[in-house]
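Okay, work-v3.pdb now, which holds PDB, C-alpha atoms:
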```pdb
ATOM      1  CA  MET O   1     122.880 -20.405  23.868  1.00  0.00           C
ATOM      2  CA  SER O   2     124.924 -23.344  25.058  1.00  0.00           C
ATOM      3  CA  ARG O   3     126.710 -23.323  28.358  1.00  0.00           C
ATOM      4  CA  LEU O   4     130.013 -24.229  26.668  1.00  0.00           C
ATOM      5  CA  TRP O   5     129.713 -21.240  24.314  1.00  0.00           C
ATOM      6  CA  LEU O   6     129.028 -18.936  27.264  1.00  0.00           C
ATOM      7  CA  ILE O   7     132.078 -20.226  29.172  1.00  0.00           C
ATOM      8  CA  ALA O   8     134.285 -19.840  26.068  1.00  0.00           C
ATOM      9  CA  THR O   9     133.047 -16.280  25.486  1.00  0.00           C
ATOM     10  CA  LEU O  10     133.631 -15.251  29.108  1.00  0.00           C
ATOM     11  CA  SER O  11     137.099 -16.829  29.056  1.00  0.00           C
ATOM     12  CA  ALA O  12     138.004 -14.911  25.892  1.00  0.00           C
ATOM     13  CA  LEU O  13     136.823 -11.639  27.446  1.00  0.00           C
ATOM     14  CA  LEU O  14     138.832 -12.250  30.619  1.00  0.00           C
ATOM     15  CA  LEU O  15     141.972 -13.081  28.625  1.00  0.00           C
ATOM     16  CA  SER O  16     141.506  -9.976  26.476  1.00  0.00           C
ATOM     17  CA  ALA O  17     141.286  -7.787  29.559  1.00  0.00           C
ATOM     18  CA  ARG O  18     144.197  -9.534  31.290  1.00  0.00           C
ATOM     19  CA  PHE O  19     146.581  -9.181  28.344  1.00  0.00           C
ATOM     20  CA  GLY O  20     145.762  -5.532  27.586  1.00  0.00           C
ATOM     21  CA  LEU O  21     143.896  -5.863  24.302  1.00  0.00           C
ATOM     22  CA  ALA O  22     141.946  -2.656  24.877  1.00  0.00           C
ATOM     23  CA  ALA O  23     142.829   0.740  23.399  1.00  0.00           C
ATOM     24  CA  GLU O  24     144.384   1.652  26.733  1.00  0.00           C
ATOM     25  CA  GLY O  25     146.883  -0.621  28.438  1.00  0.00           C
ATOM     26  CA  GLU O  26     147.342  -1.485  32.100  1.00  0.00           C
ATOM     27  CA  THR O  27     149.608   1.550  32.470  1.00  0.00           C
ATOM     28  CA  GLY O  28     146.837   3.866  31.269  1.00  0.00           C
ATOM     29  CA  GLN O  29     148.876   4.726  28.169  1.00  0.00           C
ATOM     30  CA  LYS O  30     147.560   4.409  24.629  1.00  0.00           C
ATOM     31  CA  LEU O  31     147.898   1.114  22.799  1.00  0.00           C
ATOM     32  CA  PRO O  32     149.437   0.625  20.370  1.00  0.00           C
ATOM     33  CA  ARG O  33     152.322   3.116  20.757  1.00  0.00           C
ATOM     34  CA  PHE O  34     155.909   3.421  19.577  1.00  0.00           C
ATOM     35  CA  VAL O  35     158.984   3.286  21.816  1.00  0.00           C
ATOM     36  CA  SER O  36     162.566   2.123  21.233  1.00  0.00           C
ATOM     37  CA  LEU O  37     164.946  -0.516  22.565  1.00  0.00           C
ATOM     38  CA  ARG O  38     167.117   0.514  25.514  1.00  0.00           C
ATOM     39  CA  SER O  39     169.832  -2.085  24.874  1.00  0.00           C
ATOM     40  CA  ASP O  40     171.613  -3.795  22.001  1.00  0.00           C
ATOM     41  CA  GLN O  41     170.532  -7.193  23.335  1.00  0.00           C
ATOM     42  CA  VAL O  42     166.831  -7.597  24.092  1.00  0.00           C
ATOM     43  CA  ASN O  43     165.294 -11.038  24.612  1.00  0.00           C
ATOM     44  CA  LEU O  44     161.958 -11.525  22.882  1.00  0.00           C
ATOM     45  CA  ARG O  45     159.945 -14.145  24.788  1.00  0.00           C
ATOM     46  CA  VAL O  46     156.901 -16.156  23.745  1.00  0.00           C
ATOM     47  CA  GLY O  47     154.980 -15.015  26.840  1.00  0.00           C
ATOM     48  CA  PRO O  48     154.967 -12.303  29.526  1.00  0.00           C
ATOM     49  CA  GLY O  49     157.478 -13.646  32.061  1.00  0.00           C
ATOM     50  CA  GLU O  50     161.012 -14.907  32.548  1.00  0.00           C
ATOM     51  CA  ASN O  51     159.738 -18.502  32.650  1.00  0.00           C
ATOM     52  CA  TYR O  52     158.719 -18.277  28.987  1.00  0.00           C
ATOM     53  CA  PRO O  53     161.349 -19.327  26.432  1.00  0.00           C
ATOM     54  CA  ILE O  54     163.326 -16.776  24.427  1.00  0.00           C
ATOM     55  CA  ASP O  55     162.149 -16.894  20.827  1.00  0.00           C
ATOM     56  CA  TRP O  56     164.369 -14.165  19.358  1.00  0.00           C
ATOM     57  CA  VAL O  57     167.067 -11.686  20.405  1.00  0.00           C
ATOM     58  CA  LEU O  58     166.871  -8.128  19.067  1.00  0.00           C
ATOM     59  CA  THR O  59     170.327  -6.572  18.660  1.00  0.00           C
ATOM     60  CA  ARG O  60     169.798  -2.968  17.539  1.00  0.00           C
ATOM     61  CA  LYS O  61     169.817  -0.438  20.377  1.00  0.00           C
ATOM     62  CA  GLU O  62     167.418   2.470  19.770  1.00  0.00           C
ATOM     63  CA  MET O  63     165.460   0.479  17.176  1.00  0.00           C
ATOM     64  CA  PRO O  64     161.804   1.544  17.191  1.00  0.00           C
ATOM     65  CA  VAL O  65     159.242  -1.027  18.265  1.00  0.00           C
ATOM     66  CA  GLU O  66     155.507  -0.876  18.705  1.00  0.00           C
ATOM     67  CA  ILE O  67     153.921  -1.878  22.008  1.00  0.00           C
ATOM     68  CA  VAL O  68     150.731  -3.762  21.154  1.00  0.00           C
ATOM     69  CA  LYS O  69     149.829  -5.341  24.542  1.00  0.00           C
ATOM     70  CA  GLU O  70     150.683  -4.935  28.223  1.00  0.00           C
ATOM     71  CA  PHE O  71     150.659  -7.397  31.100  1.00  0.00           C
ATOM     72  CA  GLU O  72     152.024  -6.232  34.447  1.00  0.00           C
ATOM     73  CA  ASN O  73     155.699  -5.249  33.759  1.00  0.00           C
ATOM     74  CA  TRP O  74     155.774  -6.996  30.368  1.00  0.00           C
ATOM     75  CA  ARG O  75     155.124  -5.530  26.939  1.00  0.00           C
ATOM     76  CA  MET O  76     154.282  -7.371  23.741  1.00  0.00           C
ATOM     77  CA  ILE O  77     156.161  -5.568  20.997  1.00  0.00           C
ATOM     78  CA  ARG O  78     156.331  -5.711  17.213  1.00  0.00           C
ATOM     79  CA  ASP O  79     159.388  -4.666  15.209  1.00  0.00           C
ATOM     80  CA  TRP O  80     159.429  -3.098  11.748  1.00  0.00           C
ATOM     81  CA  GLN O  81     159.689  -6.522  10.113  1.00  0.00           C
ATOM     82  CA  GLY O  82     156.640  -7.888  11.931  1.00  0.00           C
ATOM     83  CA  THR O  83     158.431  -9.983  14.573  1.00  0.00           C
ATOM     84  CA  GLU O  84     156.455 -10.061  17.831  1.00  0.00           C
ATOM     85  CA  GLY O  85     157.246 -11.112  21.373  1.00  0.00           C
ATOM     86  CA  TRP O  86     157.246 -10.113  25.030  1.00  0.00           C
ATOM     87  CA  VAL O  87     159.941  -7.991  26.725  1.00  0.00           C
ATOM     88  CA  HIS O  88     160.304  -6.570  30.212  1.00  0.00           C
ATOM     89  CA  GLU O  89     159.434  -2.869  30.390  1.00  0.00           C
ATOM     90  CA  ARG O  90     162.966  -1.986  31.573  1.00  0.00           C
ATOM     91  CA  MET O  91     164.283  -2.956  28.107  1.00  0.00           C
ATOM     92  CA  LEU O  92     162.283  -0.127  26.476  1.00  0.00           C
ATOM     93  CA  THR O  93     162.623   3.636  26.443  1.00  0.00           C
ATOM     94  CA  GLY O  94     160.197   6.368  25.435  1.00  0.00           C
ATOM     95  CA  LYS O  95     162.759   7.895  23.048  1.00  0.00           C
ATOM     96  CA  ARG O  96     161.345   8.012  19.536  1.00  0.00           C
ATOM     97  CA  ALA O  97     163.088   6.583  16.528  1.00  0.00           C
ATOM     98  CA  VAL O  98     162.112   5.471  13.026  1.00  0.00           C
ATOM     99  CA  VAL O  99     163.377   3.044  10.404  1.00  0.00           C
ATOM    100  CA  ILE O 100     163.787   4.034   6.763  1.00  0.00           C
ATOM    101  CA  LYS O 101     161.603   1.716   4.686  1.00  0.00           C
ATOM    102  CA  GLY O 102     161.348   0.980   0.986  1.00  0.00           C
ATOM    103  CA  GLY O 103     164.274   2.215  -1.101  1.00  0.00           C
ATOM    104  CA  ILE O 104     166.976   4.827  -0.652  1.00  0.00           C
ATOM    105  CA  ARG O 105     165.342   7.962   0.763  1.00  0.00           C
ATOM    106  CA  THR O 106     166.450  11.565   0.418  1.00  0.00           C
ATOM    107  CA  LEU O 107     166.631  13.784   3.501  1.00  0.00           C
ATOM    108  CA  HIS O 108     165.644  17.296   2.428  1.00  0.00           C
ATOM    109  CA  ARG O 109     166.625  20.629   4.005  1.00  0.00           C
ATOM    110  CA  GLN O 110     162.922  21.620   4.205  1.00  0.00           C
ATOM    111  CA  PRO O 111     159.656  19.587   4.164  1.00  0.00           C
ATOM    112  CA  ASP O 112     159.369  19.901   0.381  1.00  0.00           C
ATOM    113  CA  PRO O 113     160.390  17.408  -2.333  1.00  0.00           C
ATOM    114  CA  ALA O 114     161.976  20.297  -4.279  1.00  0.00           C
ATOM    115  CA  ALA O 115     164.158  21.351  -1.315  1.00  0.00           C
ATOM    116  CA  PRO O 116     167.893  20.618  -1.548  1.00  0.00           C
ATOM    117  CA  ALA O 117     169.070  17.184  -0.413  1.00  0.00           C
ATOM    118  CA  VAL O 118     170.982  16.934   2.859  1.00  0.00           C
ATOM    119  CA  ALA O 119     171.736  13.194   2.677  1.00  0.00           C
ATOM    120  CA  ARG O 120     170.442   9.878   1.417  1.00  0.00           C
ATOM    121  CA  ALA O 121     169.490   6.997   3.728  1.00  0.00           C
ATOM    122  CA  GLN O 122     169.454   3.291   2.955  1.00  0.00           C
ATOM    123  CA  PRO O 123     166.462   1.105   3.888  1.00  0.00           C
ATOM    124  CA  GLY O 124     166.798  -0.199   7.448  1.00  0.00           C
ATOM    125  CA  VAL O 125     168.664   2.859   8.753  1.00  0.00           C
ATOM    126  CA  ILE O 126     167.544   3.830  12.249  1.00  0.00           C
ATOM    127  CA  ALA O 127     167.107   7.564  12.847  1.00  0.00           C
ATOM    128  CA  LYS O 128     165.987   9.750  15.748  1.00  0.00           C
ATOM    129  CA  LEU O 129     162.504  11.165  15.230  1.00  0.00           C
ATOM    130  CA  LEU O 130     162.555  14.915  15.930  1.00  0.00           C
ATOM    131  CA  GLU O 131     159.169  16.193  14.692  1.00  0.00           C
ATOM    132  CA  CYS O 132     156.415  15.597  12.157  1.00  0.00           C
ATOM    133  CA  ARG O 133     154.338  18.125  10.211  1.00  0.00           C
ATOM    134  CA  ALA O 134     151.547  16.840   7.997  1.00  0.00           C
ATOM    135  CA  ASP O 135     153.162  14.391   5.546  1.00  0.00           C
ATOM    136  CA  TRP O 136     156.766  15.130   6.559  1.00  0.00           C
ATOM    137  CA  CYS O 137     158.982  14.166   9.498  1.00  0.00           C
ATOM    138  CA  ARG O 138     162.317  15.646  10.532  1.00  0.00           C
ATOM    139  CA  ILE O 139     164.854  13.001  11.492  1.00  0.00           C
ATOM    140  CA  ASP O 140     168.489  12.775  12.546  1.00  0.00           C
ATOM    141  CA  ALA O 141     170.361   9.901  10.910  1.00  0.00           C
ATOM    142  CA  ALA O 142     174.119   9.588  11.482  1.00  0.00           C
ATOM    143  CA  ASP O 143     174.440  13.315  12.303  1.00  0.00           C
ATOM    144  CA  HIS O 144     172.489  14.350   9.209  1.00  0.00           C
ATOM    145  CA  THR O 145     169.239  16.149   9.987  1.00  0.00           C
ATOM    146  CA  GLY O 146     166.589  16.483   7.329  1.00  0.00           C
ATOM    147  CA  TRP O 147     162.980  15.992   6.305  1.00  0.00           C
ATOM    148  CA  VAL O 148     161.587  12.721   4.914  1.00  0.00           C
ATOM    149  CA  GLN O 149     158.071  11.904   3.804  1.00  0.00           C
ATOM    150  CA  ARG O 150     156.173  10.203   6.616  1.00  0.00           C
ATOM    151  CA  GLY O 151     155.191   7.280   4.389  1.00  0.00           C
ATOM    152  CA  ASP O 152     158.883   6.373   3.961  1.00  0.00           C
ATOM    153  CA  LEU O 153     159.276   5.732   7.696  1.00  0.00           C
ATOM    154  CA  TRP O 154     158.273   2.967  10.104  1.00  0.00           C
ATOM    155  CA  GLY O 155     157.802   4.107  13.682  1.00  0.00           C
ATOM    156  CA  VAL O 156     155.307   6.945  13.363  1.00  0.00           C
ATOM    157  CA  TYR O 157     151.548   6.754  12.798  1.00  0.00           C
ATOM    158  CA  PRO O 158     149.961   8.433   9.738  1.00  0.00           C
ATOM    159  CA  ASP O 159     148.028  11.003  11.799  1.00  0.00           C
ATOM    160  CA  GLU O 160     150.390  11.299  14.784  1.00  0.00           C
ATOM    161  CA  ILE O 161     151.607  14.723  15.874  1.00  0.00           C
ATOM    162  CA  VAL O 162     155.262  14.732  16.953  1.00  0.00           C
ATOM    163  CA  GLN O 163     156.822  17.942  18.309  1.00  0.00           C
TER     164      GLN O 163
END
```
Take the structure in the file and give it back as structure tokens.
Amino acid sequence: MSRLWLIATLSALLLSARFGLAAEGETGQKLPRFVSLRSDQVNLRVGPGENYPIDWVLTRKEMPVEIVKEFENWRMIRDWQGTEGWVHERMLTGKRAVVIKGGIRTLHRQPDPAAPAVARAQPGVIAKLLECRADWCRIDAADHTGWVQRGDLWGVYPDEIVQ
């Protein structure tokens, strides 16, 4: 084993630990996890700190994002379109939301595809996540509450229990 390889391996391990690549972040909370944006203007930076340049600005308050890494007060997040960057923790809230993905989705009165429709939601609509049971989640989109199949949403994990 070469000395250079050993130094490179140790450096990679230290960086992994420092930037929260483990299943549990610096805060002790699970990684990855879903949260939402606190503001309608959130700067996405290329690194964890105000000295790093702004790469993107997210402009949809309450949009769900996934925290994938933690470093001190900074969180690396991913949005529903795959854009990633670092934000300060104060720009995030634990409130749960989802995005309608795919095509137009029907919100049903009950968690059953045969149940009456309550509303229809366009792709990209942001909704509050209220609960999930098996393959169905109850959401509130523009004051319409109904059930949508979990697979039609971004912002909730396939096996996650939401109550």
### Task
Using all atoms listed in the file, pick whichever of O:Val87, O:Gly103, O:Glu26, O:Thr59 has the shortest atom-to-atom distance to Phe71 of chain O.
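Nearest candidate to Phe71 of chain O out of O:Val87, O:Gly103, O:Glu26, O:Thr59: O:Glu26.
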### Query
Any idea what the distance is between atom CA of His144 of chain O and atom CA of Asp159 of chain O?
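Taking atom CA of His144 of chain O as the start and atom CA of Asp159 of chain O as the end point, the length is 24.8 Å.
Those residues returned by the PyMOL selection byres ((chain O and resi 95) around 8) for this file are Val35, Ser36, Glu62, Thr93, Gly94, Arg96 and Ala97 of chain O.
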### Query
Written as a list of chain:residue names, what is the full residue list that the PyMOL selection byres ((chain O and resi 107-118) around 8) yields on the file shown?
O:Arg105, O:Thr106, O:Ala119, O:Arg120, O:Ala121, O:Trp136, O:Cys137, O:Arg138, O:His144, O:Thr145, O:Gly146, O:Trp147, O:Val148, O:Gln149
### Summary
Counting all atoms listed in the file, closest pick from O:Leu129, O:Ala134, O:Val99, O:Val68 relative to Gln81 of chain O is O:Val99
### Task
Please indicate the distance in Å from atom CA of Gly82 of chain O to atom CA of Glu66 of chain O, rounded to one decimal place.
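One can read the atom CA of Gly82 of chain O to atom CA of Glu66 of chain O distance as 9.8 Å.
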### Task
Starting from the shown file, work through the PyMOL selection byres ((chain O and resi 100) around 7) and note down what comes out as a list in words.
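When the PyMOL selection byres ((chain O and resi 100) around 7) is applied to the shown file, the picked residues are Val98, Val99, Lys101, Gly102, Gln122, Pro123, Gly124, Val125, Ile126, Asp152, Leu153 and Trp154 of chain O.
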### Which of O:Glu160, O:Glu84, O:Glu24, O:Glu70 sits closest to Trp56 of chain O [using all atoms listed in the file]
O:Glu84
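The coordinates place atom CA of Ala142 of chain O at 25.7 Å from atom CA of Arg90 of chain O.
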Centre and edge lengths of an axis-aligned box around all listed atoms of segment 30-43 of chain O, with 4 Å added on each side, are to be given in Å to one decimal, as lines of an AutoDock Vina configuration file.
```
center_x = 159.6
center_y = -3.3
center_z = 22.5
size_x = 32.1
size_y = 23.4
size_z = 13.9
```
### Task
Point out the residue among O:Leu92, O:Met63, O:Met76, O:Val46 with the least atom-to-atom distance to Ala127 of chain O, counting all atoms listed in the file.
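Selected residue with least distance to Ala127 of chain O: O:Met63.
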### Query
Which one of O:Leu58, O:Ile161, O:Leu130, O:Ile139 sits closest to Leu44 of chain O if you count all atoms listed in the file?
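Smallest distance to Leu44 of chain O is found for O:Leu58.
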### Message
Under the rule that all atoms listed in the file are counted, which of O:Val42, O:Cys132, O:Ile104, O:Ile77 is the nearest residue to Tyr157 of chain O?
### Response
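Among the listed residues, the smallest separation from Tyr157 of chain O belongs to O:Cys132.
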